Structures are given as C-alpha cells and as structure tokens.
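Containing mmCIF, C-alpha atoms: protein-v5.cif.
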data_protein
#
loop_
_atom_site.label_atom_id
_atom_site.label_comp_id
_atom_site.auth_asym_id
_atom_site.auth_seq_id
_atom_site.Cartn_x
_atom_site.Cartn_y
_atom_site.Cartn_z
CA MET A 263 21.31 -65.01 44.44
CA GLY A 264 23.52 -62.95 42.16
CA LYS A 265 26.70 -61.36 43.33
CA LYS A 266 26.65 -57.70 44.31
CA ARG A 267 28.71 -55.34 42.23
CA LYS A 268 31.52 -53.43 43.77
CA ARG A 269 30.98 -49.81 44.66
CA SER A 270 33.56 -48.63 42.15
CA GLU A 271 31.67 -50.30 39.28
CA THR A 272 28.35 -48.63 40.12
CA GLN A 273 29.72 -45.12 39.97
CA THR A 274 28.17 -43.08 37.15
CA ALA A 275 30.25 -41.42 34.51
CA GLU A 276 30.78 -37.70 34.68
CA PRO A 277 28.63 -35.67 32.28
CA THR A 278 30.43 -34.44 29.22
CA LYS A 279 31.07 -30.75 28.99
CA LYS A 280 29.67 -28.67 26.13
CA ASP A 281 31.96 -27.87 23.26
CA GLU A 282 33.19 -24.33 23.80
CA GLY A 283 33.90 -23.96 20.08
CA ALA A 284 30.25 -24.65 19.02
CA PRO A 285 28.56 -21.79 17.14
CA GLU A 286 26.14 -19.62 19.07
CA ARG A 287 22.49 -19.36 18.11
CA PRO A 288 21.84 -16.08 16.23
CA LYS A 289 19.58 -13.49 17.74
CA ARG A 290 15.94 -13.47 16.67
CA THR A 291 14.52 -10.18 15.37
CA LEU A 292 11.04 -9.01 14.36
CA LEU A 293 11.61 -10.23 10.81
CA GLY A 294 12.80 -13.68 11.92
CA TRP A 295 16.30 -15.04 12.39
CA LYS A 296 19.43 -13.49 10.97
CA ASP A 297 19.96 -13.52 7.23
CA LYS A 298 21.73 -16.39 5.51
CA GLU A 299 24.58 -14.09 4.51
CA GLU A 300 25.34 -13.23 8.13
CA VAL A 301 25.32 -16.90 9.12
CA LYS A 302 27.55 -17.70 6.16
CA ASN A 303 30.02 -14.98 7.20
CA GLN A 304 30.10 -16.38 10.73
CA SER A 305 30.88 -19.86 9.40
CA GLU A 306 33.62 -18.49 7.16
CA SER A 307 35.18 -16.57 10.05
CA ASN A 308 35.37 -19.84 12.05
CA PRO A 309 36.77 -22.41 9.58
CA ASP A 310 37.16 -24.97 12.38
CA SER A 311 33.37 -25.22 12.85
CA SER A 312 31.96 -27.21 9.91
CA HIS A 313 28.33 -26.87 11.07
CA PHE A 314 26.36 -23.63 11.22
CA PHE A 315 22.94 -22.77 12.61
CA ARG A 316 19.91 -23.49 10.43
CA ASN A 317 16.55 -21.81 10.63
CA LYS A 318 14.29 -24.44 12.22
CA GLU A 319 11.23 -22.45 13.17
CA LYS A 320 8.25 -24.49 14.33
CA VAL A 321 4.56 -23.57 14.26
CA MET A 322 2.24 -24.71 17.04
CA VAL A 323 -1.34 -25.46 15.93
CA THR A 324 -4.12 -25.73 18.51
CA CYS A 325 -7.80 -24.90 18.94
CA SER A 326 -10.30 -23.86 21.58
CA ARG A 327 -12.66 -26.14 23.45
CA ARG A 328 -16.18 -26.85 22.14
CA ILE A 329 -14.98 -26.52 18.55
CA ASN A 330 -17.21 -27.74 15.75
CA TYR A 331 -16.29 -31.02 14.02
CA ARG A 332 -16.06 -29.26 10.65
CA TYR A 333 -13.59 -26.69 11.92
CA ARG A 334 -11.62 -29.41 13.68
CA HIS A 335 -11.24 -31.20 10.35
CA LEU A 336 -10.03 -27.92 8.83
CA MET A 337 -7.37 -27.66 11.53
CA LEU A 338 -6.23 -31.22 10.85
CA ASN A 339 -6.02 -30.43 7.13
CA MET A 340 -3.72 -27.51 7.92
CA VAL A 341 -1.58 -29.77 10.09
CA SER A 342 -1.19 -32.22 7.19
CA LEU A 343 -0.03 -29.38 4.92
CA LEU A 344 2.53 -27.97 7.39
CA PRO A 345 5.25 -30.54 8.09
CA HIS A 346 7.05 -28.23 10.54
CA CYS A 347 4.08 -27.78 12.92
CA LYS A 348 3.34 -29.24 16.34
CA LYS A 349 -0.11 -30.02 17.71
CA ASP A 350 -1.14 -29.35 21.27
CA ASN A 351 -4.14 -29.81 23.56
CA LYS A 352 -7.22 -27.61 23.42
CA VAL A 353 -7.17 -24.26 25.23
CA GLU A 354 -10.05 -22.53 27.01
CA SER A 355 -10.82 -19.45 24.93
CA ARG A 356 -12.72 -17.58 27.65
CA SER A 357 -9.74 -17.46 30.00
CA SER A 358 -6.55 -15.50 29.45
CA LYS A 359 -5.63 -17.38 26.28
CA GLY A 360 -2.71 -15.09 25.52
CA ALA A 361 -0.63 -15.98 28.57
CA THR A 362 -1.56 -19.66 28.35
CA LEU A 363 -0.69 -19.97 24.69
CA ASN A 364 2.60 -18.12 25.09
CA GLU A 365 3.63 -20.58 27.81
CA LEU A 366 2.66 -23.57 25.67
CA ILE A 367 4.54 -22.19 22.68
CA GLU A 368 7.66 -21.67 24.76
CA LEU A 369 7.44 -25.19 26.19
CA ARG A 370 7.03 -26.71 22.74
CA GLY A 371 10.00 -24.78 21.36
CA CYS A 372 7.98 -22.96 18.67
CA SER A 373 8.24 -19.42 17.37
CA SER A 374 4.81 -19.07 15.68
CA ALA A 375 1.27 -20.19 16.41
CA LEU A 376 -2.05 -20.84 14.67
CA PHE A 377 -4.97 -20.80 17.09
CA PHE A 378 -8.44 -21.78 15.86
CA GLU A 379 -11.04 -20.18 18.15
CA CYS A 380 -14.67 -21.27 17.78
CA ARG A 381 -17.52 -19.23 19.28
CA LYS A 382 -21.20 -20.16 19.56
CA HIS A 383 -20.41 -23.45 17.75
CA GLN A 384 -20.67 -21.64 14.39
CA ASP A 385 -18.19 -18.73 14.17
CA LEU A 386 -14.51 -19.54 13.56
CA TYR A 387 -11.66 -17.10 14.23
CA LEU A 388 -8.01 -17.74 13.38
CA TRP A 389 -5.17 -16.18 15.39
CA MET A 390 -1.79 -16.01 13.65
CA ALA A 391 0.93 -14.89 16.05
CA LYS A 392 4.70 -14.57 16.30
CA CYS A 393 5.71 -15.43 19.83
CA PRO A 394 6.56 -14.21 22.36
CA SER A 395 6.89 -10.54 21.30
CA GLY A 396 4.37 -10.42 18.43
CA PRO A 397 2.86 -9.21 16.18
CA SER A 398 -0.42 -11.15 15.88
CA VAL A 399 -3.38 -11.06 13.52
CA LYS A 400 -7.01 -12.04 14.11
CA PHE A 401 -9.00 -13.36 11.13
CA LEU A 402 -12.61 -14.35 10.57
CA VAL A 403 -12.76 -17.63 8.64
CA ASN A 404 -15.50 -17.89 6.00
CA ALA A 405 -16.49 -20.30 3.21
CA VAL A 406 -14.85 -23.36 4.76
CA HIS A 407 -14.54 -26.47 2.58
CA THR A 408 -12.43 -29.30 3.97
CA MET A 409 -10.54 -31.89 1.95
CA GLU A 410 -13.05 -34.56 2.93
CA GLU A 411 -15.95 -32.50 1.55
CA LEU A 412 -14.22 -31.77 -1.76
CA LYS A 413 -12.74 -35.29 -1.97
CA LEU A 414 -9.24 -33.92 -2.49
CA THR A 415 -6.12 -36.03 -2.16
CA GLY A 416 -4.27 -33.85 0.34
CA ASN A 417 -0.51 -33.44 0.57
CA HIS A 418 1.09 -35.52 -2.19
CA LEU A 419 4.54 -35.45 -0.62
CA LYS A 420 4.69 -35.56 3.15
CA GLY A 421 7.33 -33.26 4.53
CA SER A 422 7.25 -30.86 1.57
CA ARG A 423 6.95 -27.13 2.11
CA PRO A 424 3.94 -25.16 0.77
CA LEU A 425 4.11 -22.96 -2.32
CA LEU A 426 2.98 -19.37 -1.70
CA THR A 427 1.75 -16.84 -4.25
CA PHE A 428 0.72 -13.25 -3.45
CA SER A 429 -1.11 -10.65 -5.51
CA GLY A 430 0.17 -7.13 -6.11
CA ASN A 431 -2.04 -5.74 -3.31
CA PHE A 432 0.35 -7.14 -0.70
CA GLU A 433 2.99 -4.58 -1.78
CA LYS A 434 0.82 -1.46 -1.46
CA ASP A 435 -0.19 -0.94 2.18
CA ALA A 436 1.81 -1.52 5.36
CA HIS A 437 -0.63 -3.98 6.93
CA TRP A 438 -0.63 -6.17 3.79
CA LYS A 439 3.18 -6.19 3.80
CA LEU A 440 3.14 -7.28 7.44
CA LEU A 441 0.72 -10.12 6.67
CA LYS A 442 2.87 -11.28 3.77
CA GLU A 443 5.98 -11.30 5.94
CA MET A 444 4.26 -13.32 8.69
CA ILE A 445 2.86 -15.92 6.29
CA THR A 446 6.23 -16.20 4.56
CA GLN A 447 8.02 -16.84 7.87
CA ILE A 448 5.48 -19.53 8.79
CA SER A 449 6.11 -21.33 5.50
CA VAL A 450 9.96 -21.42 5.95
CA PRO A 451 11.58 -21.16 2.47
CA HIS A 452 13.75 -23.83 0.83
CA ASN A 453 17.52 -23.86 0.71
CA GLU A 454 19.32 -22.30 -2.22
CA SER A 455 20.23 -25.74 -3.60
CA ASP A 456 16.58 -26.86 -3.60
CA LYS A 457 15.31 -24.02 -5.77
CA MET A 458 14.04 -24.81 -9.25
CA ILE A 459 15.93 -23.70 -12.32
CA ARG A 460 14.36 -20.88 -14.31
CA GLY A 461 12.08 -22.14 -17.04
CA GLY A 462 11.15 -25.28 -15.15
CA LEU A 463 7.70 -24.01 -14.19
CA ASP A 464 6.45 -24.56 -17.75
CA LYS A 465 6.80 -28.30 -17.30
CA MET A 466 4.91 -28.35 -13.99
CA THR A 467 1.21 -29.10 -13.48
CA LEU A 468 -0.43 -27.82 -10.29
CA VAL A 469 -3.02 -30.01 -8.57
CA GLU A 470 -5.32 -28.66 -5.88
CA VAL A 471 -4.89 -30.49 -2.60
CA GLY A 472 -7.18 -28.31 -0.42
CA PRO A 473 -8.68 -27.14 1.83
CA ARG A 474 -10.55 -23.98 0.76
CA PHE A 475 -11.36 -21.09 3.08
CA CYS A 476 -11.33 -17.29 3.18
CA LEU A 477 -9.56 -15.19 5.81
CA ASN A 478 -11.07 -11.80 6.60
CA PRO A 479 -8.59 -9.72 8.68
CA ILE A 480 -10.14 -8.05 11.72
CA LYS A 481 -7.27 -6.53 13.71
CA ILE A 482 -3.48 -6.57 13.86
CA PHE A 483 -1.94 -6.33 17.34
CA ALA A 484 1.59 -5.34 18.28
CA GLY A 485 1.93 -8.10 20.88
CA SER A 486 1.31 -11.82 20.93
CA PHE A 487 -2.47 -12.45 21.20
CA GLY A 488 -3.09 -8.86 22.25
CA GLY A 489 -1.50 -5.50 22.85
CA PRO A 490 -1.81 -2.15 21.06
CA THR A 491 -3.87 -2.21 17.86
CA LEU A 492 -1.78 -1.54 14.75
CA TYR A 493 -4.57 -1.95 12.19
CA GLU A 494 -8.36 -2.37 12.31
CA ASN A 495 -10.45 -3.34 9.31
CA PRO A 496 -13.07 -0.58 8.79
CA PHE A 497 -15.24 -2.83 6.56
CA TYR A 498 -15.50 -5.70 9.03
CA VAL A 499 -19.00 -6.72 10.13
CA SER A 500 -19.30 -9.28 12.93
CA PRO A 501 -21.39 -12.43 12.38
CA ASN A 502 -23.66 -11.38 15.27
CA GLN A 503 -24.63 -8.19 13.43
CA ILE A 504 -25.29 -10.15 10.24
CA ARG A 505 -27.58 -12.59 12.05
CA ALA A 506 -29.41 -9.69 13.75
CA MET A 507 -30.00 -8.01 10.37
CA GLU A 508 -31.36 -11.27 8.94
CA LYS A 509 -33.79 -11.60 11.86
CA ARG A 510 -34.98 -8.03 11.34
CA GLN A 511 -35.60 -8.71 7.67
CA LYS A 512 -37.61 -11.82 8.50
CA ALA A 513 -39.56 -9.90 11.13
CA GLY A 514 -40.21 -7.14 8.58
CA LYS A 515 -41.70 -9.65 6.11
CA TYR A 516 -44.16 -10.90 8.75
CA ALA A 517 -45.13 -7.33 9.69
CA LYS A 518 -45.81 -6.56 6.02
CA LYS A 519 -48.14 -9.57 5.77
CA VAL A 520 -50.09 -8.48 8.87
CA LYS A 521 -50.47 -4.95 7.51
CA ALA A 522 -51.67 -6.28 4.16
CA LYS A 523 -54.37 -8.40 5.85
CA THR A 524 -55.51 -5.39 7.90
CA ARG A 525 -55.73 -3.19 4.81
CA ARG A 526 -57.75 -5.89 3.01
CA LYS A 527 -60.29 -6.11 5.85
CA MET A 528 -60.65 -2.33 6.01
CA HIS A 529 -61.19 -2.23 2.26
CA GLU A 530 -63.92 -4.89 2.45
CA LEU A 531 -65.71 -3.02 5.27
CA SER A 532 -65.58 0.30 3.44
CA ASN A 533 -66.75 -1.22 0.12
CA PRO A 534 -69.50 -3.77 0.91
CA LEU A 535 -70.92 -5.87 -1.92
CA GLU A 536 -74.50 -5.32 -3.16
CA PRO A 537 -77.01 -8.10 -2.32
CA ASP A 538 -77.47 -10.71 -5.04
CA GLU A 539 -81.04 -10.88 -6.41
CA PHE A 540 -80.69 -14.46 -7.59
CA ALA A 541 -79.08 -15.88 -4.46
CA ASP A 542 -82.33 -17.49 -3.17
CA MET A 543 -83.76 -18.48 -6.55
CA TRP A 544 -82.97 -22.19 -6.39
CA ARG A 545 -83.73 -22.68 -2.71
CA GLU A 546 -86.87 -24.69 -1.91
#

Translate this file's structure into structure tokens.
Amino acid sequence: MGKKRKRSETQTAEPTKKDEGAPERPKRTLLGWKDKEEVKNQSESNPDSSHFFRNKEKVMVTCSRRINYRYRHLMLNMVSLLPHCKKDNKVESRSSKGATLNELIELRGCSSALFFECRKHQDLYLWMAKCPSGPSVKFLVNAVHTMEELKLTGNHLKGSRPLLTFSGNFEKDAHWKLLKEMITQISVPHNESDKMIRGGLDKMTLVEVGPRFCLNPIKIFAGSFGGPTLYENPFYVSPNQIRAMEKRQKAGKYAKKVKAKTRRKMHELSNPLEPDEFADMWRE
C-alpha cells in the first residue's frame, strides 16, 4: 500500500487571472470586423501590447438529411477547398432550420454558414448566411460536376485561400454588390505581406481544381435563414414547375398521336376503296 499524501499537497492551484492589459475584441458590423487600419491604430496607441486581434472568421458547412450521394460529394469538395471551415452533423430541413443552425453556428464559434438543403432527392438548394444577424441568400444549384466525376486533382496546397474573380455585373445592382461582399468575407483575404507583386501574374499558370456548379439566386433575406425579403429573382422558375411542363409536353405528344389515329380512321370510312376485279382470279 502506498502512502497517502498530505492534505496540503493535494490542494489545487488557484486559477490565473486574465491579463487586464490584453486587447479587446473589436465589434463586428454588417460588413465584417473592423478595418485593418482601426486595429493598427489601436495597437499603436497601446505600445505595451505586442499582439493585436486578427480576423479569424470560420465558416460552418453542413447539409440536410436524406441528401443525395452526389450532392454530398459536392459538399465535401467545398470543404476541401475552404481550409477555414468546420463540418457539423446533418440538420432536419423540415423543422425550424433557422433557429437550429444559428445555435450550432454559435456553438462552433463561426460567423458564416453554408447549408446544403436537398429536396425530393434531386433538387439542391444552397443557403449562404452571415450569422446571427444576417443577411442570407438562397440559391438553386444546377449543373453539378464533382471533382471525382471530372477526375480533377483538388486543392494543390492544403490550407491555401481561394482566389476570387468577379465580372463587372457585380458592381451595377445592389443585390449583386451584397453577394460579392458576402462571398468575399467567406473567403477571408490574405495579409498585406502575402500579396503578390505587380507583374507576377504573367508568370502564373492556373489549373482547374473543381468542382463545377451554377448558383441561381432565388431570394435574399435580411435575417439569418429568414426574415424580410430584400430581393427576389423575377426570372426564377422552380424545378417542380419545370417537371410539370415536361409532363404536359409528353402528354400533349400522346394526345396528338391519338387524334391522328382517329382522323385516319374517319378518312378511311369516308373514302372507301373500290372492289378489286382481279382479287378472286387466282383462287381455286
């Protein structure tokens, strides 16, 4: 039997107090965290504090239950391209997904979310939201081609940030500007020291790493996964309406065939053939 320790030796150490001189976390606004210039001014005003706050926004990526295997592979491809994301368990899309997702995002310490919602095992919707105050965008995902289908290599450098390019249309309307700002915040730009020198792009060769898909915006909401509608796409047609139109076209083809057969029978009855004089010539 070992000797028992004295009571004085088993006493736990007192927890250390937080450093009162540590810099405070800047306030988060609609356009993200405070600018770098403001953080730099705060660090210069306090020369004793050598460290300053860095923008470490995280993106939570999750999907709904009963998702198709192809769309699940697309989600995993997006996770491999975003080094600053966090995966989570599946969420029931029929329930109040907004409240559930906002709680999960807060628990995971994230500020943005990508939610892949699959309906009828064939329609994929993508929710892009800034949490917890919004805004959020709902997309319809079309023309999906995963990296496995195209036999692409994927992310060549794990932990590298994506490169974003936008057309001139994103500077015309307000809803396109909002989409550009949200996607830019999800990407998280590099530091000033990591930027490439001008003229260096001529020596670069871009290689496609995938995946390929199209995002058709449906609505933009003021809140996170809901709220007042800020923008609604007037040219959006739901997949249910497209499938209904295809069924009507197929039904119309069958109806045309039936009408053609009826017209042919009526024509034969109204125009009977004359009897053939030589029909019974060779009969014995």

Starting from the displayed file, determine the output of the PyMOL selection byres ((chain A and resi 319) around 7) and express the residue list as a tab-separated table (two decimals) with C-alpha atoms, in the coordinates of the input.
chain	number	residue	atom	x	y	z
A	317	ASN	CA	16.55	-21.81	10.63
A	318	LYS	CA	14.29	-24.44	12.22
A	320	LYS	CA	8.25	-24.49	14.33
A	321	VAL	CA	4.56	-23.57	14.26
A	372	CYS	CA	7.98	-22.96	18.67
A	373	SER	CA	8.24	-19.42	17.37

With region 478-487 of chain A as the partner and 7 Å as the cut-off, tabulate the residues of region 338-397 of chain A that qualify, each row holding the nearest pair of atoms and their distance in Å to one decimal, using only C-alpha atoms, sorted by chain and rising number, as JSON lines.
{"residue": "A:Gly360", "atom": "CA", "partner": "A:Phe487", "partner_atom": "CA", "distance": 5.1}
{"residue": "A:Ala391", "atom": "CA", "partner": "A:Ser486", "partner_atom": "CA", "distance": 5.8}
{"residue": "A:Lys392", "atom": "CA", "partner": "A:Ser486", "partner_atom": "CA", "distance": 6.4}
{"residue": "A:Cys393", "atom": "CA", "partner": "A:Ser486", "partner_atom": "CA", "distance": 5.8}
{"residue": "A:Pro394", "atom": "CA", "partner": "A:Ser486", "partner_atom": "CA", "distance": 5.9}
{"residue": "A:Ser395", "atom": "CA", "partner": "A:Gly485", "partner_atom": "CA", "distance": 5.5}
{"residue": "A:Gly396", "atom": "CA", "partner": "A:Gly485", "partner_atom": "CA", "distance": 4.2}
{"residue": "A:Pro397", "atom": "CA", "partner": "A:Ala484", "partner_atom": "CA", "distance": 4.6}

* For CA of Thr467 (chain A) and CA of Phe432 (chain A), quote the distance in Å rounded to one decimal. =>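 Straight-line distance from CA of Thr467 (chain A) to CA of Phe432 (chain A) works out to 25.4 Å.
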
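Picture a line from CA of Ala405 (chain A) to CA of Lys359 (chain A); it runs 25.7 Å.
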
* Structure fact -> From CA of Phe401 (chain A) to CA of Tyr333 (chain A) the spacing works out at 14.1 Å

* If you count only C-alpha atoms, which residues fall within 10 Å of Pro501 (chain A), apart from same-chain ones fewer than 6 positions away, as JSON, numbers by chain? -> {"A": [384, 385, 386, 402, 507]}

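Put simply, the PyMOL selection byres ((chain A and resi 375) around 6) in this file takes in Val321, Met322, Val323, Ser374, Leu376, Met390 and Ala391 of chain A.
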
* Counting all atoms listed in the file, the option among A:Val341, A:Leu412, A:Ile504, A:Ile329 closest to Arg474 (chain A) ->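 The closest residue to Arg474 (chain A) is A:Leu412.
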
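Across A:Ala506, A:Leu477, A:Leu468, A:Leu425, the tightest approach to Ile448 (chain A) is made by A:Leu425 when counting all atoms listed in the file.
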